[in-house]
$ cat data-v6.txt   # compact mmCIF, C-alpha atoms
# COMPACT_ATOMS: atom_id res chain seq x y z
CA MET A 1 97.44 216.38 82.77
CA ASN A 2 96.74 214.22 79.72
CA ASN A 3 100.16 212.67 79.41
CA ALA A 4 101.00 209.01 79.01
CA THR A 5 101.65 208.36 82.71
CA PHE A 6 98.28 209.77 83.73
CA VAL A 7 96.49 207.67 81.14
CA THR A 8 98.37 204.51 82.09
CA ILE A 9 97.65 204.93 85.80
CA PHE A 10 93.99 205.63 85.05
CA TYR A 11 93.67 202.44 83.01
CA ILE A 12 95.45 200.38 85.69
CA PHE A 13 93.00 201.54 88.37
CA ALA A 14 90.03 201.16 86.03
CA ALA A 15 91.10 197.58 85.28
CA ILE A 16 91.57 196.81 89.00
CA THR A 17 88.09 198.16 89.75
CA VAL A 18 86.27 196.39 86.94
CA PHE A 19 88.03 193.02 87.17
CA SER A 20 87.78 192.77 90.94
CA ALA A 21 84.09 193.70 90.69
CA ALA A 22 83.65 190.89 88.18
CA PHE A 23 85.46 188.55 90.55
CA VAL A 24 83.12 189.57 93.39
CA VAL A 25 80.16 188.61 91.28
CA PHE A 26 81.40 185.47 89.52
CA SER A 27 83.41 183.88 92.34
CA LYS A 28 81.69 180.94 94.02
CA ASN A 29 83.42 181.46 97.34
CA VAL A 30 81.96 184.12 99.62
CA ILE A 31 85.29 184.86 101.32
CA TYR A 32 86.98 185.44 97.95
CA SER A 33 84.11 187.76 97.01
CA ALA A 34 84.58 189.77 100.20
CA PHE A 35 88.31 190.18 99.63
CA ALA A 36 87.83 191.08 95.96
CA LEU A 37 85.39 193.75 97.12
CA LEU A 38 88.34 195.30 99.02
CA PHE A 39 90.16 195.86 95.71
CA THR A 40 87.01 197.23 94.10
CA PHE A 41 86.65 199.81 96.86
CA PHE A 42 90.32 200.79 96.64
CA GLY A 43 90.10 201.10 92.85
CA ALA A 44 86.98 203.24 93.13
CA ALA A 45 88.76 205.45 95.69
CA ALA A 46 91.65 205.89 93.25
CA LEU A 47 89.16 206.89 90.54
CA TYR A 48 87.70 209.47 92.94
CA VAL A 49 91.20 210.97 93.28
CA PHE A 50 91.31 211.25 89.48
CA LEU A 51 88.01 213.10 89.70
CA SER A 52 89.67 215.61 92.09
CA ALA A 53 87.49 214.47 95.00
CA ASP A 54 90.28 213.44 97.36
CA PHE A 55 88.17 213.89 100.48
CA ILE A 56 85.55 211.52 99.09
CA ALA A 57 88.33 209.02 98.32
CA VAL A 58 89.57 209.08 101.92
CA THR A 59 85.99 208.81 103.18
CA GLN A 60 85.44 205.88 100.85
CA ILE A 61 88.44 204.03 102.29
CA VAL A 62 87.52 204.82 105.91
CA VAL A 63 83.81 204.02 105.63
CA TYR A 64 83.73 201.23 103.03
CA VAL A 65 86.97 199.38 103.77
CA GLY A 66 87.07 200.14 107.49
CA GLY A 67 83.38 199.77 108.16
CA ILE A 68 81.20 198.12 105.58
CA LEU A 69 83.71 195.51 104.41
CA VAL A 70 84.48 194.49 108.01
CA LEU A 71 80.73 194.23 108.65
CA LEU A 72 80.31 192.06 105.56
CA LEU A 73 83.22 189.84 106.63
CA PHE A 74 81.65 189.50 110.09
CA GLY A 75 78.44 188.51 108.34
CA VAL A 76 80.24 185.88 106.27
CA MET A 77 81.98 184.49 109.35
CA PHE A 78 78.80 184.44 111.44
CA THR A 79 76.59 182.80 108.88
CA ASN A 80 78.98 180.13 107.58
CA SER A 81 80.85 177.41 109.35
CA ILE A 82 84.45 177.96 108.28
CA MET A 83 85.50 174.45 109.23
CA GLN A 84 83.16 172.58 106.98
CA ALA A 85 84.48 174.46 103.93
CA ASP A 86 80.94 175.03 102.78
CA LEU A 87 81.36 178.67 101.86
CA LYS A 88 80.06 178.05 98.37
CA THR A 89 77.12 180.00 97.17
CA ASP A 90 74.75 178.73 94.53
CA VAL A 91 73.28 180.74 91.73
CA LEU A 92 69.78 180.84 90.33
CA HIS A 93 68.27 182.58 87.30
CA VAL A 94 71.65 182.66 85.56
CA VAL A 95 70.27 183.07 82.05
CA PRO A 96 67.86 185.95 82.85
CA GLY A 97 70.58 187.54 84.97
CA THR A 98 73.10 187.36 82.15
CA LEU A 99 70.56 188.74 79.70
CA LEU A 100 69.82 191.61 82.08
CA LEU A 101 73.54 192.28 82.59
CA VAL A 102 74.25 192.35 78.86
CA ALA A 103 71.15 194.40 78.08
CA THR A 104 71.77 196.97 80.83
CA VAL A 105 75.47 197.47 80.17
CA GLY A 106 75.00 197.35 76.40
CA GLY A 107 72.14 199.81 76.47
CA LEU A 108 73.98 202.22 78.74
CA LEU A 109 77.19 202.09 76.71
CA PHE A 110 75.29 202.43 73.43
CA THR A 111 73.55 205.51 74.80
CA PHE A 112 76.78 207.03 76.11
CA TYR A 113 78.73 206.56 72.91
CA THR A 114 76.11 207.31 70.27
CA THR A 115 73.88 210.12 71.53
CA GLY A 116 75.99 213.17 70.88
CA THR A 117 79.07 214.14 72.84
CA TRP A 118 79.27 215.47 76.36
CA LYS A 119 80.41 219.07 76.43
CA PRO A 120 82.51 219.69 79.56
CA SER A 121 81.97 222.96 81.36
CA GLU A 122 84.47 225.80 81.04
CA VAL A 123 85.14 225.61 84.77
CA GLN A 124 86.05 222.15 86.00
CA LEU A 125 86.91 221.02 89.49
CA GLN A 126 90.66 221.37 89.98
CA GLY A 127 92.87 220.37 92.84
CA SER A 128 91.52 219.66 96.31
CA VAL A 129 87.90 220.33 97.21
CA VAL A 130 88.09 219.81 100.99
CA GLU A 131 87.60 223.47 101.83
CA ARG A 132 84.66 223.82 99.45
CA ILE A 133 83.04 220.69 100.94
CA GLY A 134 83.27 222.28 104.40
CA ILE A 135 81.72 225.52 103.20
CA GLU A 136 78.91 223.75 101.30
CA THR A 137 78.14 221.43 104.23
CA MET A 138 77.66 224.35 106.59
CA SER A 139 75.70 226.52 104.15
CA ARG A 140 73.57 224.95 101.40
CA TYR A 141 73.60 221.37 102.65
CA VAL A 142 73.20 221.91 106.38
CA LEU A 143 69.69 220.40 106.43
CA PRO A 144 70.66 217.15 104.61
CA PHE A 145 73.72 217.02 106.88
CA GLU A 146 71.57 217.10 110.01
CA MET A 147 69.11 214.63 108.49
CA ALA A 148 72.01 212.27 107.78
CA SER A 149 72.96 212.39 111.46
CA ILE A 150 69.38 211.56 112.49
CA LEU A 151 69.30 208.73 109.94
CA LEU A 152 72.56 207.31 111.29
CA LEU A 153 71.19 207.45 114.85
CA ALA A 154 68.03 205.64 113.70
CA ALA A 155 70.11 203.02 111.85
CA LEU A 156 72.32 202.56 114.93
CA ILE A 157 69.34 201.95 117.21
CA GLY A 158 67.60 199.78 114.63
CA ALA A 159 70.61 197.59 113.94
CA ALA A 160 71.37 197.16 117.64
CA PHE A 161 67.71 196.28 118.28
CA LEU A 162 67.54 193.77 115.41
CA ALA A 163 70.80 191.99 116.19
CA ARG A 164 70.48 191.92 119.98
CA TYR A 165 70.77 188.73 121.95
CA ASP A 166 67.29 187.28 122.09
CA ASN A 167 66.74 185.46 125.39
CA VAL A 168 63.29 184.09 124.64
CA HIS A 169 64.20 182.81 121.23
CA ASN A 170 67.44 181.18 122.30
CA ASN A 171 65.75 179.36 125.18
CA GLU A 172 63.33 177.73 122.79
CA HIS A 173 66.14 176.01 120.90
CA MET B 1 93.26 206.25 69.53
CA GLU B 2 92.49 209.75 70.64
CA LEU B 3 89.35 208.43 72.29
CA LEU B 4 91.47 206.04 74.33
CA THR B 5 94.16 208.46 75.46
CA ASN B 6 92.00 211.50 76.17
CA ILE B 7 90.33 210.59 79.46
CA GLY B 8 86.89 212.13 79.45
CA LEU B 9 83.48 211.66 80.95
CA ASN B 10 82.70 208.58 78.87
CA HIS B 11 85.53 206.57 80.45
CA TYR B 12 84.13 207.07 83.94
CA LEU B 13 80.60 206.38 82.73
CA THR B 14 81.79 203.11 81.18
CA ILE B 15 83.39 201.92 84.43
CA SER B 16 80.27 202.94 86.30
CA ALA B 17 77.98 201.11 83.87
CA LEU B 18 80.06 197.93 84.23
CA LEU B 19 79.99 198.13 88.04
CA PHE B 20 76.23 198.70 87.95
CA GLY B 21 75.72 195.72 85.65
CA PHE B 22 77.80 193.44 87.87
CA GLY B 23 75.92 194.60 90.96
CA LEU B 24 72.60 193.97 89.27
CA PHE B 25 73.78 190.50 88.22
CA ALA B 26 74.82 189.69 91.80
CA VAL B 27 71.49 190.85 93.20
CA MET B 28 69.58 188.82 90.62
CA THR B 29 71.46 185.53 90.59
CA ARG B 30 73.12 184.89 93.92
CA LYS B 31 71.43 182.87 96.65
CA ASN B 32 73.62 184.03 99.53
CA ALA B 33 72.11 187.12 101.14
CA ILE B 34 75.53 188.57 101.96
CA VAL B 35 76.64 188.45 98.32
CA ILE B 36 73.40 190.26 97.46
CA LEU B 37 74.41 192.99 99.92
CA MET B 38 77.81 193.15 98.18
CA GLY B 39 75.98 193.65 94.89
CA VAL B 40 74.06 196.55 96.39
CA GLU B 41 77.36 198.09 97.50
CA LEU B 42 78.67 197.76 93.92
CA ILE B 43 75.58 199.55 92.60
CA LEU B 44 76.03 202.37 95.13
CA ASN B 45 79.70 202.70 94.12
CA ALA B 46 78.67 202.95 90.47
CA ALA B 47 76.26 205.76 91.35
CA ASN B 48 79.03 207.50 93.29
CA ILE B 49 81.42 207.37 90.35
CA ASN B 50 78.72 208.89 88.14
CA PHE B 51 78.01 211.68 90.63
CA LEU B 52 81.68 212.58 90.95
CA ALA B 53 82.36 212.38 87.22
CA PHE B 54 79.51 214.73 86.36
CA SER B 55 80.52 217.02 89.21
CA LYS B 56 84.11 217.17 87.98
CA PHE B 57 83.20 217.97 84.38
CA ASN B 58 80.41 220.35 85.37
CA GLY B 59 82.51 222.32 87.84
CA GLY B 60 79.83 222.31 90.55
CA MET B 61 79.87 220.86 94.05
CA GLU B 62 76.48 219.12 93.95
CA GLY B 63 77.78 215.72 92.92
CA VAL B 64 80.52 215.75 95.55
CA MET B 65 78.04 216.52 98.32
CA PHE B 66 75.61 213.89 97.04
CA SER B 67 78.30 211.23 96.96
CA LEU B 68 79.08 211.98 100.61
CA PHE B 69 75.44 211.40 101.51
CA VAL B 70 75.40 208.22 99.40
CA ILE B 71 78.32 206.90 101.47
CA VAL B 72 76.42 207.71 104.67
CA LEU B 73 73.36 205.87 103.36
CA ALA B 74 75.48 202.91 102.31
CA ALA B 75 76.90 202.61 105.82
CA ALA B 76 73.43 202.69 107.38
CA GLU B 77 72.12 200.21 104.81
CA ALA B 78 74.97 197.77 105.43
CA ALA B 79 74.50 197.87 109.20
CA VAL B 80 70.74 197.32 109.12
CA GLY B 81 71.00 194.79 106.28
CA LEU B 82 73.59 192.72 108.13
CA ALA B 83 71.43 192.80 111.28
CA ILE B 84 68.49 191.47 109.27
CA VAL B 85 70.65 188.78 107.63
CA ILE B 86 71.95 187.62 111.02
CA ASN B 87 68.36 187.46 112.32
CA ILE B 88 67.39 185.40 109.28
CA TYR B 89 70.31 183.08 109.99
CA LYS B 90 69.19 182.70 113.63
CA ILE B 91 65.70 181.67 112.55
CA PHE B 92 66.29 179.62 109.38
CA ARG B 93 69.89 178.42 110.04
CA SER B 94 70.71 179.54 106.50
CA VAL B 95 71.23 182.72 104.51
CA ASP B 96 69.98 181.16 101.28
CA VAL B 97 67.33 183.60 100.12
CA SER B 98 65.53 180.98 98.06
CA THR B 99 64.71 178.89 101.14
CA ILE B 100 63.27 181.77 103.13
CA ASP B 101 59.60 181.44 102.41
CA THR B 102 57.73 182.33 105.59
CA MET B 103 57.10 185.69 107.20
CA LYS B 104 56.72 184.18 110.68
CA GLU B 105 58.74 181.62 112.56
$ encode --input "data-v6.txt" --output "structure tokens"
Amino acid sequence: MNNATFVTIFYIFAAITVFSAAFVVFSKNVIYSAFALLFTFFGAAALYVFLSADFIAVTQIVVYVGGILVLLLFGVMFTNSIMQADLKTDVLHVVPGTLLLVATVGGLLFTFYTTGTWKPSEVQLQGSVVERIGIETMSRYVLPFEMASILLLAALIGAAFLARYDNVHNNEH
Amino acid sequence: MELLTNIGLNHYLTISALLFGFGLFAVMTRKNAIVILMGVELILNAANINFLAFSKFNGGMEGVMFSLFVIVLAAAEAAVGLAIVINIYKIFRSVDVSTIDTMKE
């Protein structure tokens, strides 16, 4: 699989992911950040396909792009007045933040590239893993699976409770 | 040159470290609460890439299953987080986290 086309496509998706993530962070406009996040999620999904986790890639697109990104866009629209073009967002602690960014990324990369070499296993994941995910979900991971469903129910009730229309509060204003 | 053309674990770890750093920067420096939530999503995506990369090169299914649960948690976190942000906006008329300084209305 290590031919030139594979490598080129990998670097294209890696560049899309990293540069759109940088745009999310450094853009002053919240709407631009939200739309750049779309490209970050798609790039990450493409990287998951490279890691032979195609089911996770599809889940990423359905949940992140179809759910979380729409929620974030709703949040942006609700909490900003579009007409007054005041979608700018200020920054604070830029210097400590930059120092932390450089130190974290530098430290991680230094550790990755200097402390020995990773030795890949003899058996690597190949092809599609959908069937194995189904088997694992219903055998070893059945308890976390059920707990995830309870957590989602709790989050559903909690979010609906928090964001409900508040009669008392709205009458005061 | 061989390091560049032979895609291995370190390439994925590099992308993941960059995404994590950007997410951390957004959480630290932005005033808008929604951009902070976007930073948290970036951090979770970085963790997912790490899980899947190690799972791929280790040959096991643990990382794949964990990344599924991370996606579930991210969905729950985004829903509850947005609900809290919209409540904050109702009360303070702003989502600027540096102006939110009271616990009660």
$ residues_around --input "data-v6.txt" --residues "region 132-141 of chain A" --least-positions-apart "2" --cutoff "9 Å" --atoms "all atoms listed in the file" --output "list of chain:residue names"
A:Phe55, A:Ser128, A:Val129, A:Val130, A:Leu143, A:Pro144, A:Phe145, A:Glu146, B:Met61, B:Val64, B:Met65
$ interface_residues --input "data-v6.txt" --of "chain A" --to "chain B" --cutoff "6 Å" --atoms "only C-alpha atoms" --output "number ranges by chain"
A: 25, 51, 89-94, 97, 101, 105, 120-121, 123-125, 155, 159, 162-163
$ axis_aligned_box --input "data-v6.txt" --around "region 3-20 of chain A" --padding-each-side "5 Å" --output "AutoDock Vina command-line options"
--center_x 94.0 --center_y 202.7 --center_z 85.0 --size_x 25.4 --size_y 29.9 --size_z 21.9
$ atom_distance --input "data-v6.txt" --atom1 "CA of Ile43 (chain B)" --atom2 "CA of Ala22 (chain A)"
12.6 Å
$ residues_near_point --input "data-v6.txt" --point "(95.0, 201.2, 87.9)" --cutoff "12 Å" --atoms "all atoms listed in the file" --output "PyMOL selection string"
chain A and resi 5-20+39-40+42-47+49-50
$ write_last_selection --input "data-v6.txt" --atoms "C-alpha atoms" --output "PDB file, in the coordinates of the input"
ATOM      1  CA  THR A   5     101.650 208.360  82.710  1.00  0.00           C
ATOM      2  CA  PHE A   6      98.280 209.770  83.730  1.00  0.00           C
ATOM      3  CA  VAL A   7      96.490 207.670  81.140  1.00  0.00           C
ATOM      4  CA  THR A   8      98.370 204.510  82.090  1.00  0.00           C
ATOM      5  CA  ILE A   9      97.650 204.930  85.800  1.00  0.00           C
ATOM      6  CA  PHE A  10      93.990 205.630  85.050  1.00  0.00           C
ATOM      7  CA  TYR A  11      93.670 202.440  83.010  1.00  0.00           C
ATOM      8  CA  ILE A  12      95.450 200.380  85.690  1.00  0.00           C
ATOM      9  CA  PHE A  13      93.000 201.540  88.370  1.00  0.00           C
ATOM     10  CA  ALA A  14      90.030 201.160  86.030  1.00  0.00           C
ATOM     11  CA  ALA A  15      91.100 197.580  85.280  1.00  0.00           C
ATOM     12  CA  ILE A  16      91.570 196.810  89.000  1.00  0.00           C
ATOM     13  CA  THR A  17      88.090 198.160  89.750  1.00  0.00           C
ATOM     14  CA  VAL A  18      86.270 196.390  86.940  1.00  0.00           C
ATOM     15  CA  PHE A  19      88.030 193.020  87.170  1.00  0.00           C
ATOM     16  CA  SER A  20      87.780 192.770  90.940  1.00  0.00           C
ATOM     17  CA  PHE A  39      90.160 195.860  95.710  1.00  0.00           C
ATOM     18  CA  THR A  40      87.010 197.230  94.100  1.00  0.00           C
ATOM     19  CA  PHE A  42      90.320 200.790  96.640  1.00  0.00           C
ATOM     20  CA  GLY A  43      90.100 201.100  92.850  1.00  0.00           C
ATOM     21  CA  ALA A  44      86.980 203.240  93.130  1.00  0.00           C
ATOM     22  CA  ALA A  45      88.760 205.450  95.690  1.00  0.00           C
ATOM     23  CA  ALA A  46      91.650 205.890  93.250  1.00  0.00           C
ATOM     24  CA  LEU A  47      89.160 206.890  90.540  1.00  0.00           C
ATOM     25  CA  VAL A  49      91.200 210.970  93.280  1.00  0.00           C
ATOM     26  CA  PHE A  50      91.310 211.250  89.480  1.00  0.00           C
TER      27      PHE A  50
END
$ atom_distance --input "data-v6.txt" --atom1 "CA of Tyr113 (chain A)" --atom2 "CA of Asn50 (chain B)"
15.4 Å
$ closest_residue --input "data-v6.txt" --among "B:Met103, B:Leu3, B:Val97, B:Val40" --to "Ala21 (chain A)" --atoms "all atoms listed in the file"
B:Val40
$ atom_distance --input "data-v6.txt" --atom1 "CA of Leu72 (chain A)" --atom2 "CA of Asn29 (chain A)"
13.8 Å
$ decode --input "data-v6.txt" --residues "region 68-102 of chain B" --atoms "N, CA and C atoms" --output "PDB file, in the first residue's frame"
ATOM      1  N   LEU B  68     -15.254   4.714  19.407  1.00  0.00           N
ATOM      2  CA  LEU B  68     -16.722   4.784  19.296  1.00  0.00           C
ATOM      3  C   LEU B  68     -17.316   5.426  20.542  1.00  0.00           C
ATOM      4  N   PHE B  69     -16.835   4.984  21.716  1.00  0.00           N
ATOM      5  CA  PHE B  69     -17.391   5.542  22.950  1.00  0.00           C
ATOM      6  C   PHE B  69     -17.003   7.005  23.114  1.00  0.00           C
ATOM      7  N   VAL B  70     -15.816   7.381  22.619  1.00  0.00           N
ATOM      8  CA  VAL B  70     -15.422   8.796  22.668  1.00  0.00           C
ATOM      9  C   VAL B  70     -16.381   9.642  21.833  1.00  0.00           C
ATOM     10  N   ILE B  71     -16.797   9.107  20.665  1.00  0.00           N
ATOM     11  CA  ILE B  71     -17.737   9.862  19.825  1.00  0.00           C
ATOM     12  C   ILE B  71     -19.075  10.026  20.547  1.00  0.00           C
ATOM     13  N   VAL B  72     -19.514   8.960  21.231  1.00  0.00           N
ATOM     14  CA  VAL B  72     -20.767   9.041  21.995  1.00  0.00           C
ATOM     15  C   VAL B  72     -20.657  10.125  23.059  1.00  0.00           C
ATOM     16  N   LEU B  73     -19.525  10.112  23.802  1.00  0.00           N
ATOM     17  CA  LEU B  73     -19.327  11.108  24.850  1.00  0.00           C
ATOM     18  C   LEU B  73     -19.279  12.509  24.279  1.00  0.00           C
ATOM     19  N   ALA B  74     -18.649  12.656  23.097  1.00  0.00           N
ATOM     20  CA  ALA B  74     -18.549  13.984  22.491  1.00  0.00           C
ATOM     21  C   ALA B  74     -19.927  14.505  22.134  1.00  0.00           C
ATOM     22  N   ALA B  75     -20.806  13.617  21.647  1.00  0.00           N
ATOM     23  CA  ALA B  75     -22.160  14.057  21.310  1.00  0.00           C
ATOM     24  C   ALA B  75     -22.891  14.519  22.554  1.00  0.00           C
ATOM     25  N   ALA B  76     -22.797  13.736  23.644  1.00  0.00           N
ATOM     26  CA  ALA B  76     -23.472  14.120  24.879  1.00  0.00           C
ATOM     27  C   ALA B  76     -22.907  15.429  25.412  1.00  0.00           C
ATOM     28  N   GLU B  77     -21.579  15.570  25.354  1.00  0.00           N
ATOM     29  CA  GLU B  77     -20.926  16.774  25.859  1.00  0.00           C
ATOM     30  C   GLU B  77     -21.354  18.008  25.072  1.00  0.00           C
ATOM     31  N   ALA B  78     -21.451  17.858  23.743  1.00  0.00           N
ATOM     32  CA  ALA B  78     -21.840  19.014  22.929  1.00  0.00           C
ATOM     33  C   ALA B  78     -23.263  19.428  23.238  1.00  0.00           C
ATOM     34  N   ALA B  79     -24.165  18.451  23.410  1.00  0.00           N
ATOM     35  CA  ALA B  79     -25.569  18.797  23.672  1.00  0.00           C
ATOM     36  C   ALA B  79     -25.703  19.524  24.995  1.00  0.00           C
ATOM     37  N   VAL B  80     -25.114  18.953  26.063  1.00  0.00           N
ATOM     38  CA  VAL B  80     -25.249  19.577  27.381  1.00  0.00           C
ATOM     39  C   VAL B  80     -24.504  20.906  27.423  1.00  0.00           C
ATOM     40  N   GLY B  81     -23.318  20.951  26.801  1.00  0.00           N
ATOM     41  CA  GLY B  81     -22.547  22.190  26.779  1.00  0.00           C
ATOM     42  C   GLY B  81     -23.287  23.311  26.082  1.00  0.00           C
ATOM     43  N   LEU B  82     -23.895  23.008  24.928  1.00  0.00           N
ATOM     44  CA  LEU B  82     -24.658  24.036  24.216  1.00  0.00           C
ATOM     45  C   LEU B  82     -25.845  24.499  25.045  1.00  0.00           C
ATOM     46  N   ALA B  83     -26.515  23.565  25.745  1.00  0.00           N
ATOM     47  CA  ALA B  83     -27.645  23.955  26.591  1.00  0.00           C
ATOM     48  C   ALA B  83     -27.182  24.918  27.673  1.00  0.00           C
ATOM     49  N   ILE B  84     -26.020  24.647  28.268  1.00  0.00           N
ATOM     50  CA  ILE B  84     -25.499  25.531  29.304  1.00  0.00           C
ATOM     51  C   ILE B  84     -25.144  26.888  28.712  1.00  0.00           C
ATOM     52  N   VAL B  85     -24.512  26.881  27.517  1.00  0.00           N
ATOM     53  CA  VAL B  85     -24.127  28.155  26.890  1.00  0.00           C
ATOM     54  C   VAL B  85     -25.364  28.994  26.577  1.00  0.00           C
ATOM     55  N   ILE B  86     -26.425  28.342  26.100  1.00  0.00           N
ATOM     56  CA  ILE B  86     -27.638  29.107  25.764  1.00  0.00           C
ATOM     57  C   ILE B  86     -28.283  29.658  27.032  1.00  0.00           C
ATOM     58  N   ASN B  87     -28.211  28.901  28.141  1.00  0.00           N
ATOM     59  CA  ASN B  87     -28.702  29.431  29.420  1.00  0.00           C
ATOM     60  C   ASN B  87     -27.882  30.631  29.866  1.00  0.00           C
ATOM     61  N   ILE B  88     -26.547  30.534  29.702  1.00  0.00           N
ATOM     62  CA  ILE B  88     -25.685  31.657  30.062  1.00  0.00           C
ATOM     63  C   ILE B  88     -26.046  32.875  29.234  1.00  0.00           C
ATOM     64  N   TYR B  89     -26.326  32.642  27.944  1.00  0.00           N
ATOM     65  CA  TYR B  89     -26.691  33.768  27.074  1.00  0.00           C
ATOM     66  C   TYR B  89     -28.005  34.401  27.515  1.00  0.00           C
ATOM     67  N   LYS B  90     -28.964  33.553  27.946  1.00  0.00           N
ATOM     68  CA  LYS B  90     -30.256  34.074  28.422  1.00  0.00           C
ATOM     69  C   LYS B  90     -30.052  34.986  29.617  1.00  0.00           C
ATOM     70  N   ILE B  91     -29.148  34.613  30.514  1.00  0.00           N
ATOM     71  CA  ILE B  91     -28.993  35.347  31.760  1.00  0.00           C
ATOM     72  C   ILE B  91     -28.092  36.560  31.582  1.00  0.00           C
ATOM     73  N   PHE B  92     -26.936  36.389  30.915  1.00  0.00           N
ATOM     74  CA  PHE B  92     -25.954  37.477  30.833  1.00  0.00           C
ATOM     75  C   PHE B  92     -26.026  38.255  29.524  1.00  0.00           C
ATOM     76  N   ARG B  93     -26.846  37.799  28.556  1.00  0.00           N
ATOM     77  CA  ARG B  93     -26.915  38.438  27.234  1.00  0.00           C
ATOM     78  C   ARG B  93     -25.558  38.443  26.542  1.00  0.00           C
ATOM     79  N   SER B  94     -24.722  37.473  26.816  1.00  0.00           N
ATOM     80  CA  SER B  94     -23.389  37.416  26.225  1.00  0.00           C
ATOM     81  C   SER B  94     -22.830  36.017  26.453  1.00  0.00           C
ATOM     82  N   VAL B  95     -21.968  35.572  25.536  1.00  0.00           N
ATOM     83  CA  VAL B  95     -21.310  34.286  25.753  1.00  0.00           C
ATOM     84  C   VAL B  95     -19.815  34.506  25.999  1.00  0.00           C
ATOM     85  N   ASP B  96     -19.468  35.722  26.376  1.00  0.00           N
ATOM     86  CA  ASP B  96     -18.075  36.038  26.675  1.00  0.00           C
ATOM     87  C   ASP B  96     -17.744  35.479  28.059  1.00  0.00           C
ATOM     88  N   VAL B  97     -16.861  34.484  28.101  1.00  0.00           N
ATOM     89  CA  VAL B  97     -16.633  33.804  29.375  1.00  0.00           C
ATOM     90  C   VAL B  97     -15.906  34.692  30.380  1.00  0.00           C
ATOM     91  N   SER B  98     -15.274  35.778  29.917  1.00  0.00           N
ATOM     92  CA  SER B  98     -14.562  36.608  30.879  1.00  0.00           C
ATOM     93  C   SER B  98     -15.493  37.588  31.588  1.00  0.00           C
ATOM     94  N   THR B  99     -16.738  37.732  31.098  1.00  0.00           N
ATOM     95  CA  THR B  99     -17.672  38.619  31.792  1.00  0.00           C
ATOM     96  C   THR B  99     -18.598  37.858  32.728  1.00  0.00           C
ATOM     97  N   ILE B 100     -18.544  36.548  32.674  1.00  0.00           N
ATOM     98  CA  ILE B 100     -19.435  35.755  33.524  1.00  0.00           C
ATOM     99  C   ILE B 100     -18.752  35.575  34.857  1.00  0.00           C
ATOM    100  N   ASP B 101     -19.206  36.334  35.854  1.00  0.00           N
ATOM    101  CA  ASP B 101     -18.478  36.324  37.117  1.00  0.00           C
ATOM    102  C   ASP B 101     -19.378  36.089  38.314  1.00  0.00           C
ATOM    103  N   THR B 102     -20.638  35.728  38.099  1.00  0.00           N
ATOM    104  CA  THR B 102     -21.488  35.426  39.245  1.00  0.00           C
ATOM    105  C   THR B 102     -22.066  34.031  39.079  1.00  0.00           C
TER     106      THR B 102
END
